[in-house]
Structures are given as C-alpha cells and as structure tokens.
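One file, start-v8.tsv, carrying TSV, C-alpha atoms:
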chain	number	residue	atom	x	y	z
Z	1	MET	CA	8.28	-14.12	-0.83
Z	2	ASP	CA	8.11	-13.48	2.90
Z	3	LEU	CA	4.53	-12.96	4.03
Z	4	SER	CA	5.19	-13.12	7.76
Z	5	TRP	CA	4.26	-9.42	8.13
Z	6	MET	CA	0.71	-10.36	7.15
Z	7	ALA	CA	0.52	-12.63	10.21
Z	8	TRP	CA	-1.41	-15.39	8.46
Z	9	THR	CA	-3.23	-18.03	10.47
Z	10	TRP	CA	-5.03	-21.10	9.16
Z	11	PRO	CA	-8.51	-20.00	10.31
Z	12	THR	CA	-8.23	-16.57	8.63
Z	13	ALA	CA	-6.75	-18.17	5.50
Z	14	ALA	CA	-9.68	-20.61	5.48
Z	15	PHE	CA	-12.08	-17.68	5.80
Z	16	PHE	CA	-10.64	-15.92	2.75
Z	17	ILE	CA	-10.46	-19.18	0.79
Z	18	PHE	CA	-14.14	-19.68	1.60
Z	19	ILE	CA	-14.99	-16.17	0.28
Z	20	ALA	CA	-12.90	-16.75	-2.88
Z	21	LEU	CA	-14.54	-20.15	-3.39
Z	22	ALA	CA	-18.01	-18.68	-2.89
Z	23	ILE	CA	-17.33	-16.05	-5.57
Z	24	SER	CA	-15.83	-18.66	-7.92
Z	25	CYS	CA	-18.80	-20.98	-7.39
Z	26	MET	CA	-21.14	-18.12	-8.21
Z	27	GLY	CA	-19.23	-17.58	-11.46
Z	28	PHE	CA	-19.40	-21.28	-12.27
Z	29	TRP	CA	-23.13	-21.40	-11.42
Z	30	GLU	CA	-23.83	-18.44	-13.68
Z	31	TRP	CA	-21.80	-20.02	-16.48
Z	32	ARG	CA	-23.58	-23.37	-16.20
Z	33	ARG	CA	-27.09	-22.08	-15.54
Z	34	PRO	CA	-27.40	-18.41	-16.43
Z	35	GLY	CA	-30.09	-16.70	-14.41
Z	36	GLY	CA	-28.32	-13.94	-12.59
Z	37	ASP	CA	-30.44	-11.16	-14.03
Z	38	PRO	CA	-31.97	-8.91	-11.38
Z	39	ARG	CA	-35.22	-10.12	-9.90
Z	40	ARG	CA	-37.55	-8.44	-7.44
Z	41	GLY	CA	-37.85	-10.05	-4.03
Z	42	ILE	CA	-39.72	-9.40	-0.81
Z	43	LEU	CA	-37.65	-6.30	-0.04
Z	44	THR	CA	-38.79	-4.86	-3.41
Z	45	LEU	CA	-35.14	-4.65	-4.41
Z	46	ASP	CA	-33.82	-5.78	-7.76
Z	47	THR	CA	-31.05	-8.17	-6.83
Z	48	THR	CA	-28.73	-10.36	-8.84
Z	49	ARG	CA	-27.17	-13.54	-7.47
Z	50	GLY	CA	-24.02	-11.57	-6.65
Z	51	ASP	CA	-26.07	-8.99	-4.71
Z	52	ARG	CA	-27.66	-11.79	-2.73
Z	53	LEU	CA	-24.24	-13.23	-1.88
Z	54	PHE	CA	-23.11	-9.80	-0.70
Z	55	ILE	CA	-26.27	-9.34	1.42
Z	56	THR	CA	-25.74	-12.82	2.88
Z	57	ILE	CA	-22.08	-12.23	3.79
Z	58	LEU	CA	-22.64	-8.73	5.19
Z	59	GLY	CA	-25.73	-9.82	7.14
Z	60	SER	CA	-23.91	-12.87	8.47
Z	61	ALA	CA	-21.07	-10.67	9.73
Z	62	PHE	CA	-23.59	-8.68	11.77
Z	63	ILE	CA	-25.30	-11.87	12.99
Z	64	PHE	CA	-21.94	-13.16	14.24
Z	65	LEU	CA	-21.12	-9.82	15.89
Z	66	ALA	CA	-24.52	-9.64	17.57
Z	67	TRP	CA	-24.21	-13.22	18.82
Z	68	LEU	CA	-20.70	-12.57	20.09
Z	69	GLY	CA	-21.78	-9.37	21.86
Z	70	ILE	CA	-24.90	-10.87	23.45
Z	71	MET	CA	-24.22	-14.58	23.91
Z	72	GLY	CA	-20.41	-14.83	23.60
Z	73	THR	CA	-18.64	-17.99	22.43
Z	74	PRO	CA	-19.16	-20.64	21.03
Z	75	LEU	CA	-20.53	-19.34	17.75
Z	76	TRP	CA	-22.45	-22.38	16.47
Z	77	GLY	CA	-25.76	-20.61	17.07
Z	78	ALA	CA	-24.62	-17.66	14.96
Z	79	LEU	CA	-23.51	-20.06	12.22
Z	80	ALA	CA	-26.91	-21.77	12.21
Z	81	ILE	CA	-28.79	-18.45	12.06
Z	82	SER	CA	-26.47	-17.23	9.27
Z	83	LEU	CA	-27.10	-20.36	7.21
Z	84	ILE	CA	-30.86	-19.98	7.59
Z	85	TYR	CA	-30.53	-16.26	6.82
Z	86	GLY	CA	-28.42	-16.99	3.71
Z	87	PHE	CA	-30.97	-19.55	2.49
Z	88	CYS	CA	-33.81	-17.04	2.98
Z	89	VAL	CA	-31.88	-14.30	1.16
Z	90	PHE	CA	-31.16	-16.53	-1.85
Z	91	ARG	CA	-34.72	-17.84	-1.89
Z	92	TRP	CA	-36.82	-14.74	-1.29
Z	93	VAL	CA	-34.82	-11.50	-1.44
T	94	MET	CA	-30.78	-12.65	-28.31
T	95	ASN	CA	-27.26	-13.10	-29.63
T	96	LYS	CA	-24.69	-11.45	-27.46
T	97	THR	CA	-21.26	-10.63	-28.73
T	98	THR	CA	-18.79	-12.03	-26.28
T	99	TYR	CA	-15.21	-10.94	-26.21
T	100	GLN	CA	-13.68	-12.68	-23.25
T	101	LYS	CA	-10.22	-11.21	-23.75
T	102	ALA	CA	-11.59	-7.90	-22.52
T	103	TRP	CA	-11.38	-9.34	-19.01
T	104	PHE	CA	-7.60	-9.03	-19.19
T	105	PHE	CA	-7.95	-5.25	-19.35
T	106	VAL	CA	-9.46	-5.37	-15.87
T	107	LEU	CA	-6.38	-7.04	-14.42
T	108	PRO	CA	-4.41	-3.83	-13.68
T	109	VAL	CA	-7.36	-2.54	-11.61
T	110	VAL	CA	-7.65	-5.85	-9.80
T	111	ALA	CA	-3.92	-5.73	-9.00
T	112	LEU	CA	-4.19	-2.13	-7.80
T	113	VAL	CA	-7.22	-2.82	-5.58
T	114	ALA	CA	-5.53	-5.93	-4.21
T	115	PHE	CA	-2.41	-3.96	-3.40
T	116	ASN	CA	-4.03	-0.97	-1.72
T	117	ALA	CA	-7.21	-2.48	-0.25
T	118	LEU	CA	-7.49	-6.25	-0.19
T	119	ILE	CA	-4.05	-7.14	1.15
T	120	PRO	CA	-4.15	-4.50	3.94
T	121	LEU	CA	-7.68	-5.63	4.82
T	122	MET	CA	-6.56	-9.26	4.98
T	123	THR	CA	-3.71	-8.22	7.26
T	124	VAL	CA	-6.14	-6.41	9.56
T	125	VAL	CA	-8.31	-9.54	9.69
T	126	ASN	CA	-5.22	-11.59	10.59
T	127	TYR	CA	-4.24	-9.10	13.31
T	128	SER	CA	-7.76	-9.11	14.76
T	129	VAL	CA	-7.48	-12.71	15.96
T	130	GLN	CA	-3.97	-12.49	17.39
T	131	GLU	CA	-1.89	-10.75	20.02
T	132	THR	CA	1.50	-9.28	19.22
T	133	PHE	CA	4.26	-7.60	21.17
T	134	GLY	CA	6.10	-6.59	18.01
T	135	ASP	CA	8.92	-8.24	16.08
T	136	ASN	CA	6.43	-10.19	13.94
T	137	VAL	CA	5.65	-12.60	16.77
T	138	PHE	CA	1.95	-13.40	17.07
T	139	PHE	CA	-0.16	-15.42	19.49
T	140	TRP	CA	-3.57	-16.83	18.59
T	141	GLU	CA	-6.44	-15.25	20.54
T	142	GLY	CA	-9.51	-16.29	18.52
T	143	VAL	CA	-12.48	-13.95	18.73
T	144	LYS	CA	-11.46	-12.54	22.12
T	145	TRP	CA	-10.74	-9.04	20.80
T	146	PHE	CA	-14.09	-8.84	19.07
T	147	GLU	CA	-15.82	-9.91	22.29
T	148	ASP	CA	-13.83	-7.36	24.29
T	149	VAL	CA	-14.56	-4.54	21.86
T	150	LEU	CA	-18.27	-5.37	21.60
T	151	ASN	CA	-18.61	-5.36	25.39
T	152	SER	CA	-16.35	-2.36	25.97
T	153	GLU	CA	-18.02	0.74	27.37
T	154	ARG	CA	-15.27	2.84	25.86
T	155	PHE	CA	-16.14	1.55	22.38
T	156	HIS	CA	-19.87	2.07	22.96
T	157	ALA	CA	-19.22	5.64	24.11
T	158	SER	CA	-17.03	6.57	21.15
T	159	LEU	CA	-19.43	4.92	18.70
T	160	LEU	CA	-22.31	6.85	20.26
T	161	ARG	CA	-20.35	10.11	20.03
T	162	GLN	CA	-19.53	9.33	16.41
T	163	LEU	CA	-23.18	8.63	15.56
T	164	MET	CA	-24.29	11.77	17.39
T	165	PHE	CA	-21.74	13.89	15.57
T	166	THR	CA	-22.74	12.47	12.19
T	167	GLY	CA	-26.45	12.92	12.99
T	168	ILE	CA	-25.99	16.52	14.10
T	169	ILE	CA	-23.88	17.61	11.15
T	170	LEU	CA	-26.22	15.90	8.65
T	171	ALA	CA	-29.24	17.57	10.30
T	172	ILE	CA	-27.54	20.95	9.91
T	173	GLU	CA	-25.56	20.69	6.67
T	174	ILE	CA	-28.20	19.15	4.41
T	175	PRO	CA	-31.04	21.68	5.04
T	176	LEU	CA	-28.55	24.55	5.23
T	177	GLY	CA	-26.86	23.50	2.00
T	178	VAL	CA	-30.21	23.25	0.19
T	179	ALA	CA	-31.29	26.64	1.59
T	180	ILE	CA	-28.08	28.32	0.38
T	181	ALA	CA	-28.32	26.64	-3.02
T	182	LEU	CA	-31.88	27.97	-3.38
T	183	THR	CA	-30.75	31.53	-2.73
T	184	MET	CA	-27.85	31.42	-5.18
T	185	PRO	CA	-28.29	33.26	-8.50
T	186	LYS	CA	-29.36	31.15	-11.47
T	187	LYS	CA	-27.49	33.13	-14.11
T	188	GLY	CA	-25.22	36.13	-14.53
T	189	PRO	CA	-21.69	36.95	-13.39
T	190	TRP	CA	-22.50	36.31	-9.72
T	191	VAL	CA	-22.89	32.58	-10.38
T	192	SER	CA	-19.14	32.10	-10.82
T	193	VAL	CA	-18.36	34.33	-7.84
T	194	CYS	CA	-20.72	32.34	-5.60
T	195	LEU	CA	-19.39	29.01	-6.84
T	196	VAL	CA	-15.78	30.03	-6.22
T	197	PHE	CA	-16.62	31.27	-2.72
T	198	MET	CA	-18.48	28.06	-2.02
T	199	ALA	CA	-15.62	25.89	-3.25
T	200	MET	CA	-12.98	27.68	-1.16
T	201	PRO	CA	-13.49	25.90	2.20
T	202	LEU	CA	-13.33	22.56	0.38
T	203	LEU	CA	-9.84	23.34	-0.88
T	204	ILE	CA	-8.33	23.86	2.56
T	205	PRO	CA	-6.49	20.82	3.95
T	206	TRP	CA	-8.10	19.21	6.98
T	207	ASN	CA	-5.25	19.81	9.40
T	208	VAL	CA	-5.17	23.48	8.38
T	209	VAL	CA	-8.92	23.74	9.05
T	210	GLY	CA	-8.37	22.23	12.50
T	211	ALA	CA	-5.49	24.60	13.27
T	212	MET	CA	-7.42	27.63	11.95
T	213	TRP	CA	-10.44	26.87	14.12
T	214	ASN	CA	-8.26	26.09	17.11
T	215	ILE	CA	-6.80	29.59	17.00
T	216	PHE	CA	-10.10	31.18	15.94
T	217	ALA	CA	-11.95	29.67	18.91
T	218	LEU	CA	-9.36	30.24	21.63
T	219	PRO	CA	-11.09	32.15	24.44
T	220	ASP	CA	-8.31	34.66	25.04
T	221	ILE	CA	-6.83	35.44	21.63
T	222	GLY	CA	-9.24	33.89	19.10
T	223	LEU	CA	-11.81	36.10	17.42
T	224	LEU	CA	-14.70	33.68	17.93
T	225	GLY	CA	-13.80	32.73	21.49
T	226	HIS	CA	-13.16	36.32	22.49
T	227	ALA	CA	-16.42	37.52	20.90
T	228	ILE	CA	-18.54	34.85	22.64
T	229	ASN	CA	-16.92	35.59	25.99
T	230	GLY	CA	-17.38	39.30	25.30
T	231	MET	CA	-21.14	38.68	25.05
T	232	GLY	CA	-21.05	37.40	28.62
T	233	ILE	CA	-21.29	33.71	27.70
T	234	GLU	CA	-18.59	31.64	29.30
T	235	TYR	CA	-16.92	29.75	26.47
T	236	ASN	CA	-13.76	27.69	26.56
T	237	PHE	CA	-13.59	24.72	24.22
T	238	THR	CA	-10.50	23.35	25.93
T	239	ARG	CA	-12.38	22.98	29.24
T	240	GLN	CA	-16.12	22.68	28.52
T	241	PRO	CA	-17.39	19.57	26.67
T	242	PHE	CA	-20.38	21.45	25.26
T	243	ALA	CA	-18.16	24.23	23.92
T	244	ALA	CA	-15.84	21.61	22.38
T	245	TRP	CA	-18.80	19.96	20.64
T	246	PHE	CA	-20.19	23.30	19.52
T	247	THR	CA	-16.83	24.30	18.00
T	248	THR	CA	-16.27	20.93	16.32
T	249	VAL	CA	-19.75	20.93	14.78
T	250	LEU	CA	-19.40	24.57	13.70
T	251	MET	CA	-16.04	23.80	12.11
T	252	ASP	CA	-17.47	20.87	10.17
T	253	VAL	CA	-20.47	22.89	9.05
T	254	TRP	CA	-18.14	25.67	7.88
T	255	HIS	CA	-15.90	23.21	6.05
T	256	TRP	CA	-18.41	20.92	4.38
T	257	THR	CA	-21.76	22.66	3.88
T	258	SER	CA	-20.33	23.97	0.60
T	259	LEU	CA	-20.20	20.45	-0.77
T	260	VAL	CA	-23.94	20.05	-0.15
T	261	VAL	CA	-24.52	23.51	-1.66
T	262	LEU	CA	-22.62	22.65	-4.84
T	263	LEU	CA	-24.39	19.32	-5.25
T	264	ALA	CA	-27.83	20.79	-4.52
T	265	TYR	CA	-27.11	23.68	-6.88
T	266	ALA	CA	-26.17	21.22	-9.65
T	267	GLY	CA	-29.45	19.42	-9.01
T	268	LEU	CA	-31.41	22.65	-9.15
T	269	ARG	CA	-29.74	23.78	-12.38
T	270	SER	CA	-30.78	20.55	-14.08
T	271	ILE	CA	-34.49	21.38	-13.69
T	272	PRO	CA	-35.87	22.65	-17.03
T	273	GLU	CA	-37.38	26.15	-16.98
T	274	ASP	CA	-40.68	24.69	-18.27
T	275	TYR	CA	-41.38	23.19	-14.87
T	276	TYR	CA	-41.23	26.61	-13.22
T	277	GLN	CA	-43.39	28.15	-15.94
T	278	ALA	CA	-46.00	25.43	-15.52
T	279	ALA	CA	-45.99	25.99	-11.75
T	280	LYS	CA	-46.37	29.74	-12.32
T	281	ILE	CA	-49.36	29.22	-14.61
T	282	ASP	CA	-50.95	26.97	-11.97
T	283	GLY	CA	-50.35	29.68	-9.39
T	284	ALA	CA	-48.12	27.49	-7.23
T	285	LYS	CA	-46.64	29.08	-4.12
T	286	PRO	CA	-42.83	28.99	-3.63
T	287	TRP	CA	-43.20	26.32	-0.96
T	288	ALA	CA	-45.23	24.13	-3.34
T	289	VAL	CA	-42.61	24.63	-6.07
T	290	PHE	CA	-39.93	23.54	-3.63
T	291	LEU	CA	-41.87	20.54	-2.38
T	292	HIS	CA	-43.18	19.22	-5.71
T	293	ILE	CA	-40.54	20.29	-8.23
T	294	GLN	CA	-37.21	21.19	-6.68
T	295	LEU	CA	-37.00	18.63	-3.90
T	296	PRO	CA	-37.96	15.60	-6.04
T	297	LYS	CA	-35.49	16.70	-8.71
T	298	MET	CA	-32.76	17.10	-6.10
T	299	LYS	CA	-33.46	13.73	-4.49
T	300	ARG	CA	-30.65	11.94	-6.29
T	301	VAL	CA	-27.94	14.52	-5.67
T	302	LEU	CA	-29.08	14.87	-2.07
T	303	THR	CA	-28.76	11.12	-1.59
T	304	ILE	CA	-25.19	11.39	-2.88
T	305	ALA	CA	-24.60	14.40	-0.60
T	306	ILE	CA	-25.92	12.53	2.44
T	307	LEU	CA	-23.83	9.48	1.57
T	308	LEU	CA	-20.65	11.51	1.11
T	309	ARG	CA	-21.21	13.55	4.24
T	310	PHE	CA	-22.10	10.45	6.23
T	311	MET	CA	-18.93	8.65	5.20
T	312	ASP	CA	-16.68	11.66	5.68
T	313	SER	CA	-18.11	12.62	9.06
T	314	PHE	CA	-18.26	9.03	10.28
T	315	MET	CA	-14.56	8.65	9.54
T	316	ILE	CA	-13.54	12.15	10.61
T	317	TYR	CA	-10.16	12.28	12.31
T	318	THR	CA	-7.83	15.15	11.50
T	319	GLU	CA	-10.03	18.15	12.18
T	320	PRO	CA	-11.25	17.23	15.69
T	321	PHE	CA	-7.82	15.80	16.52
T	322	VAL	CA	-6.12	19.10	15.73
T	323	LEU	CA	-8.92	21.18	17.26
T	324	THR	CA	-9.59	19.41	20.55
T	325	GLY	CA	-7.35	16.33	20.55
T	326	GLY	CA	-10.45	14.35	21.57
T	327	GLY	CA	-10.91	16.39	24.75
T	328	PRO	CA	-11.74	17.81	27.17
T	329	GLY	CA	-11.55	14.39	28.79
T	330	ASN	CA	-12.95	12.06	26.16
T	331	SER	CA	-15.86	14.28	25.18
T	332	THR	CA	-14.88	14.62	21.50
T	333	THR	CA	-13.04	11.31	21.16
T	334	PHE	CA	-14.78	9.95	18.10
T	335	LEU	CA	-14.38	6.41	16.87
T	336	SER	CA	-11.44	7.16	14.57
T	337	ILE	CA	-9.56	9.07	17.28
T	338	ASP	CA	-10.17	6.25	19.74
T	339	LEU	CA	-9.01	3.73	17.17
T	340	VAL	CA	-5.73	5.57	16.62
T	341	LYS	CA	-5.25	5.82	20.41
T	342	VAL	CA	-5.71	2.06	20.75
T	343	ALA	CA	-3.60	1.14	17.71
T	344	LEU	CA	-0.74	3.63	17.90
T	345	GLY	CA	-0.94	5.06	21.41
T	346	GLN	CA	-1.33	1.78	23.29
T	347	PHE	CA	0.03	-0.40	20.46
T	348	ASP	CA	-2.84	-2.85	21.05
T	349	LEU	CA	-2.91	-4.03	17.44
T	350	GLY	CA	-5.29	-6.94	18.03
T	351	PRO	CA	-8.13	-4.95	19.67
T	352	ALA	CA	-7.51	-2.09	17.22
T	353	ALA	CA	-7.85	-4.47	14.27
T	354	ALA	CA	-11.09	-5.91	15.70
T	355	MET	CA	-12.37	-2.37	16.28
T	356	SER	CA	-11.50	-1.28	12.74
T	357	LEU	CA	-13.27	-4.29	11.26
T	358	ILE	CA	-16.46	-3.49	13.19
T	359	TYR	CA	-16.07	0.15	12.12
T	360	PHE	CA	-15.59	-0.98	8.50
T	361	LEU	CA	-18.68	-3.21	8.62
T	362	ILE	CA	-20.85	-0.33	9.87
T	363	VAL	CA	-19.58	1.96	7.09
T	364	LEU	CA	-20.08	-0.81	4.52
T	365	LEU	CA	-23.65	-1.44	5.70
T	366	VAL	CA	-24.63	2.23	5.54
T	367	CYS	CA	-22.99	2.65	2.11
T	368	TRP	CA	-24.85	-0.38	0.82
T	369	VAL	CA	-28.17	0.96	2.13
T	370	PHE	CA	-27.59	4.34	0.47
T	371	TYR	CA	-26.35	2.78	-2.76
T	372	THR	CA	-29.39	0.50	-2.90
T	373	LEU	CA	-31.75	3.41	-2.25
T	374	MET	CA	-30.03	5.43	-4.97
T	375	MET	CA	-30.19	2.62	-7.52
T	376	LYS	CA	-33.81	1.88	-6.62
T	377	ASP	CA	-34.60	5.50	-7.23
T	378	GLU	CA	-32.87	5.40	-10.61
T	379	ASP	CA	-34.82	2.32	-11.71
T	380	GLN	CA	-38.07	4.05	-10.92

Show me, as structure tokens, the structure contained in the file I just sent.
Amino acid sequence: MDLSWMAWTWPTAAFFIFIALAISCMGFWEWRRPGGDPRRGILTLDTTRGDRLFITILGSAFIFLAWLGIMGTPLWGALAISLIYGFCVFRWV
Amino acid sequence: MNKTTYQKAWFFVLPVVALVAFNALIPLMTVVNYSVQETFGDNVFFWEGVKWFEDVLNSERFHASLLRQLMFTGIILAIEIPLGVAIALTMPKKGPWVSVCLVFMAMPLLIPWNVVGAMWNIFALPDIGLLGHAINGMGIEYNFTRQPFAAWFTTVLMDVWHWTSLVVLLAYAGLRSIPEDYYQAAKIDGAKPWAVFLHIQLPKMKRVLTIAILLRFMDSFMIYTEPFVLTGGGPGNSTTFLSIDLVKVALGQFDLGPAAAMSLIYFLIVLLVCWVFYTLMMKDEDQ
C-alpha cells in the first residue's frame, strides 16, 4: 500500500505512536489496577483517568503553542512545563 | 459487585472505529504530517520542523483573522441566544398555531448555505436589492461591497436570520418540557412574569441553551460558505474570517505547510471550547 500521499515523517510517526502507546498503557493500567471511576479533583470536575489524559494532552498542546509563540525554539522548556502540568493533572484534577 | 462481561461486544465497535479512522483520523494525521513540511507538489516534501507553527503564531494576518472570527462569534451569540429565547417565549404553547410557527421557524434552517449567501448578496445590493435600496432610501449610505461596517452588519444580519431559528426551536423544546405545575405554583405565590422567567424557565432551559450555545459557537466559528458568497471576505480583508483565510492560504496560495499548521491551531481552539462546554453540560447533569 502506497502511503506517500500522507507524507509521513519519523517525528510525526513517533508522535502518533506515543499517543497510541499512551492510550494502550491507560488500558493496561486500568486492567491491572482498576480505579478509573470518576473522582472529584480541585477543579470540582468528575474525571476518569481517560479524561485526565485528554486534559493533559490538550493542555500540553496549548503549552507548546504558547511557548513557541512567545519564546520560539527550542521547545525543551515547553516539554518540562507539560510534564509538570501532566503530573499535576493526574495527581490533583 | 459481579459485573457481566462480554468482551466480544467490542468487535461490534470495529466498523465505527474503521469509519472514524477513514474520515477523521487519517486525514488529521496527514494534516499533522503536512504541518511540519514544505511541498511544491508532486508528493515531494521537505522537512521544516515547527517553522510553520512559529510563523502562524507570530503572523499578524492570523491574529487579525482570529480576532475577526472571535468577534463575529461573540456578536452572533450575543444576538441569537437572547433573541431566540425571546421568540420561543412568545410562541404559542398549544393549538394549531404551534405547528405553523414551528414550520416557519424551521424554514431558514433548510436553505443551503451557499443559497443563503447568494440570497443575501442580492437582497443587500445597494442598487437593486430590497434591503440595500431601502436603507439607502432612508438616507443612510449603505454599500456592503465598499464599507467594512456595512459588510459586517450584513454578514451578522444574515447569520441571525439563518440560525436564530435553531436557538428558538431548542429553547422552545426546553420550555415545553416544564410541567404546568411549576407555573401554577408560581401563580399561587403571585410571581411576576420576570420572576417566572428567572427562577423557572431559565433554569429549566439551561441545558438546551448550553447545547444551543455550543452548536452556534462551533458553526459560527467555522463559518465559511455564507460570508464567502456574500462578501468574499471583503471589502479588503474586513470579513476574512479564519476559515476563509485558511482556504486562501491552502488553495489560493497553495501553501500547504502553513495552512496545515493554521488548521491544527484552529482545530485545537475548537476542541478546547467544545471540551469546556461538554464538561459544563455534564457537570450540570450530575448536579
């Protein structure tokens, strides 16, 4: 099958593999240690583990965009903020 | 608690997964791939990294069209939601006129977008259009092909004409779901119409209004055909909304890389707003 029209690159492929792996790991986590029922966090929202992953990924996208718009490249700072943000979301949201 | 698990049921989801992958995921992946590369056609691509994102985020043109888009969405929401609720409140609750009103309300929704644009283009023309001629006849200089304010006025009016009905129908459905007992209780308490609206009708309509705001936000934020047919984004760039600008970049200039970066930023904004509305709606339901 010719996929050249999709213009794949290794970095974008890695990005999608990361997303797919993150979702798979969430499934595996839930299977091994169920606990994904909604819980109420600091935002007073009832979130499941999947919701928290979504909030992390969406928020990280905006963190990267903001960093890129204000500071430009390289993006290590944005990565660090996103990791801290993701940790906070999974811990407290 | 013993749960009955029937894992084979997952296979029934596969057709949907395949469909979503075909019409959403694969095109989205392609856009992501385009957003980090430059192409001159013929399936030849050159790696550019995040350059297009940086360019778009720092582009005044993008800021201007995003601002116009937000302004347009804000204005039409500020008009259509209160107007829709007001019309729904005045509609009859029972009798033969209910169907007549509902049919009249549904009519603008049935007209295709490009037809709405063409209709309003002719309707608002200053020399031959009824609206344009009437406004000029009142001594107000009006020409939507030359004056930015007139172009905005016509575009907003067109959208209000086309889509307020949707808010009316949703608000009316919300109002009809309120049991008569509530009104009787309010009557016994001697509540004024304003109090009835504020404490009974509005809270009961909250959910449908959230849906109405969400639908109108998404539709107006992604509006393309109507303003394109009506004003073509002009005069100048005064009604060039984000979607029109995106098409200009992607198809007019054939800058697929910047256009892909722009569409991803556009997509993220829509996704964020949808998530906020969805969360608010679900939170409301839980309460």

Q) Looking at T:Tyr371, T:Trp140, T:Trp287, T:Trp256, which one is nearest to chain Z, with distances taken over all atoms listed in the file? A) T:Trp140

Taking only C-alpha atoms into account, what are the residues of chain Z at most 6 Å from chain T, put as a compact mmCIF listing (two decimals) with C-alpha atoms, in the coordinates of the input?
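Heads up, here's the output in part_24.txt:
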# COMPACT_ATOMS: atom_id res chain seq x y z
CA MET Z 6 0.71 -10.36 7.15
CA ALA Z 7 0.52 -12.63 10.21
CA TRP Z 8 -1.41 -15.39 8.46
CA LEU Z 68 -20.70 -12.57 20.09
CA GLY Z 69 -21.78 -9.37 21.86

Q. So which residues touch Z:Ile55 within 12 Å, counting all atoms listed in the file, skipping near sequence neighbours fewer than 6 positions away, as a PyMOL selection string?
A. (chain Z and resi 43+45+47-49+61-63+82+85-90+93) or (chain T and resi 364-365+368-369+372)

Q: Please indicate the distance in Å from atom CA of T:Leu250 to atom CA of T:Val363, rounded to one decimal place.
A: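 Atom CA of T:Val363 lies at a distance of 23.6 Å from atom CA of T:Leu250.
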
Q. Could you pull the residues within 8 Å of stretch 169-175 of chain T, counting all atoms listed in the file, minus those fewer than 4 positions along the same chain, as a VMD selection string?
A. chain T and resid 165 179 249 252 to 253 256 to 257 260 302 305 to 306 309 to 310 313

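Contact shell of T:Arg154 at 10 Å (only C-alpha atoms; same-chain neighbours under 6 positions omitted): T:Leu160, T:Asn330, T:Thr333, T:Leu335, T:Asp338.
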
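Between atom CA of T:Phe237 and atom CA of T:Val209 the separation is 15.9 Å.
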
Q: Pick out the residues sitting within 8 Å of T:Met198, and hand them over as a list in words; count all atoms listed in the file, and ignore anything fewer than 5 positions along from it in its own chain.
A: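 Selected residues are Ser258, Leu259, Val261 and Leu262 of chain T.
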
Report, as AutoDock Vina command-line options, the axis-aligned box around all atoms of stretch 27-44 of chain Z present in the file, extended by 8 Å on each side; give centre and edge lengths in Å to one decimal place.
--center_x -29.5 --center_y -14.1 --center_z -8.3 --size_x 36.5 --size_y 34.5 --size_z 32.4

Q. Distance atom CA of T:Ser158-atom CA of Z:Phe64, one decimal place?
A. 21.5 Å

Q.
Residues within 12 Å of (-25.1, 24.1, -10.8), file coordinates, counting only C-alpha atoms: what are they? Give the list as a list of chain:residue names.
A.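 Checked against the point, the hits come out as T:Ala181, T:Leu182, T:Met184, T:Pro185, T:Lys186, T:Lys187, T:Val191, T:Ser192, T:Cys194, T:Leu195, T:Val196, T:Met198, T:Leu259, T:Val260, T:Val261, T:Leu262, T:Leu263, T:Ala264, T:Tyr265, T:Ala266, T:Gly267, T:Leu268, T:Arg269, T:Ser270, T:Ile271, T:Met298, T:Val301.
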
Q | Residue among T:Met355, T:Leu291, T:Val110, T:Met311 lying closest to T:Lys341, counting all atoms listed in the file | A |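 Ranking T:Met355, T:Leu291, T:Val110, T:Met311 by distance to T:Lys341, first place goes to T:Met355.
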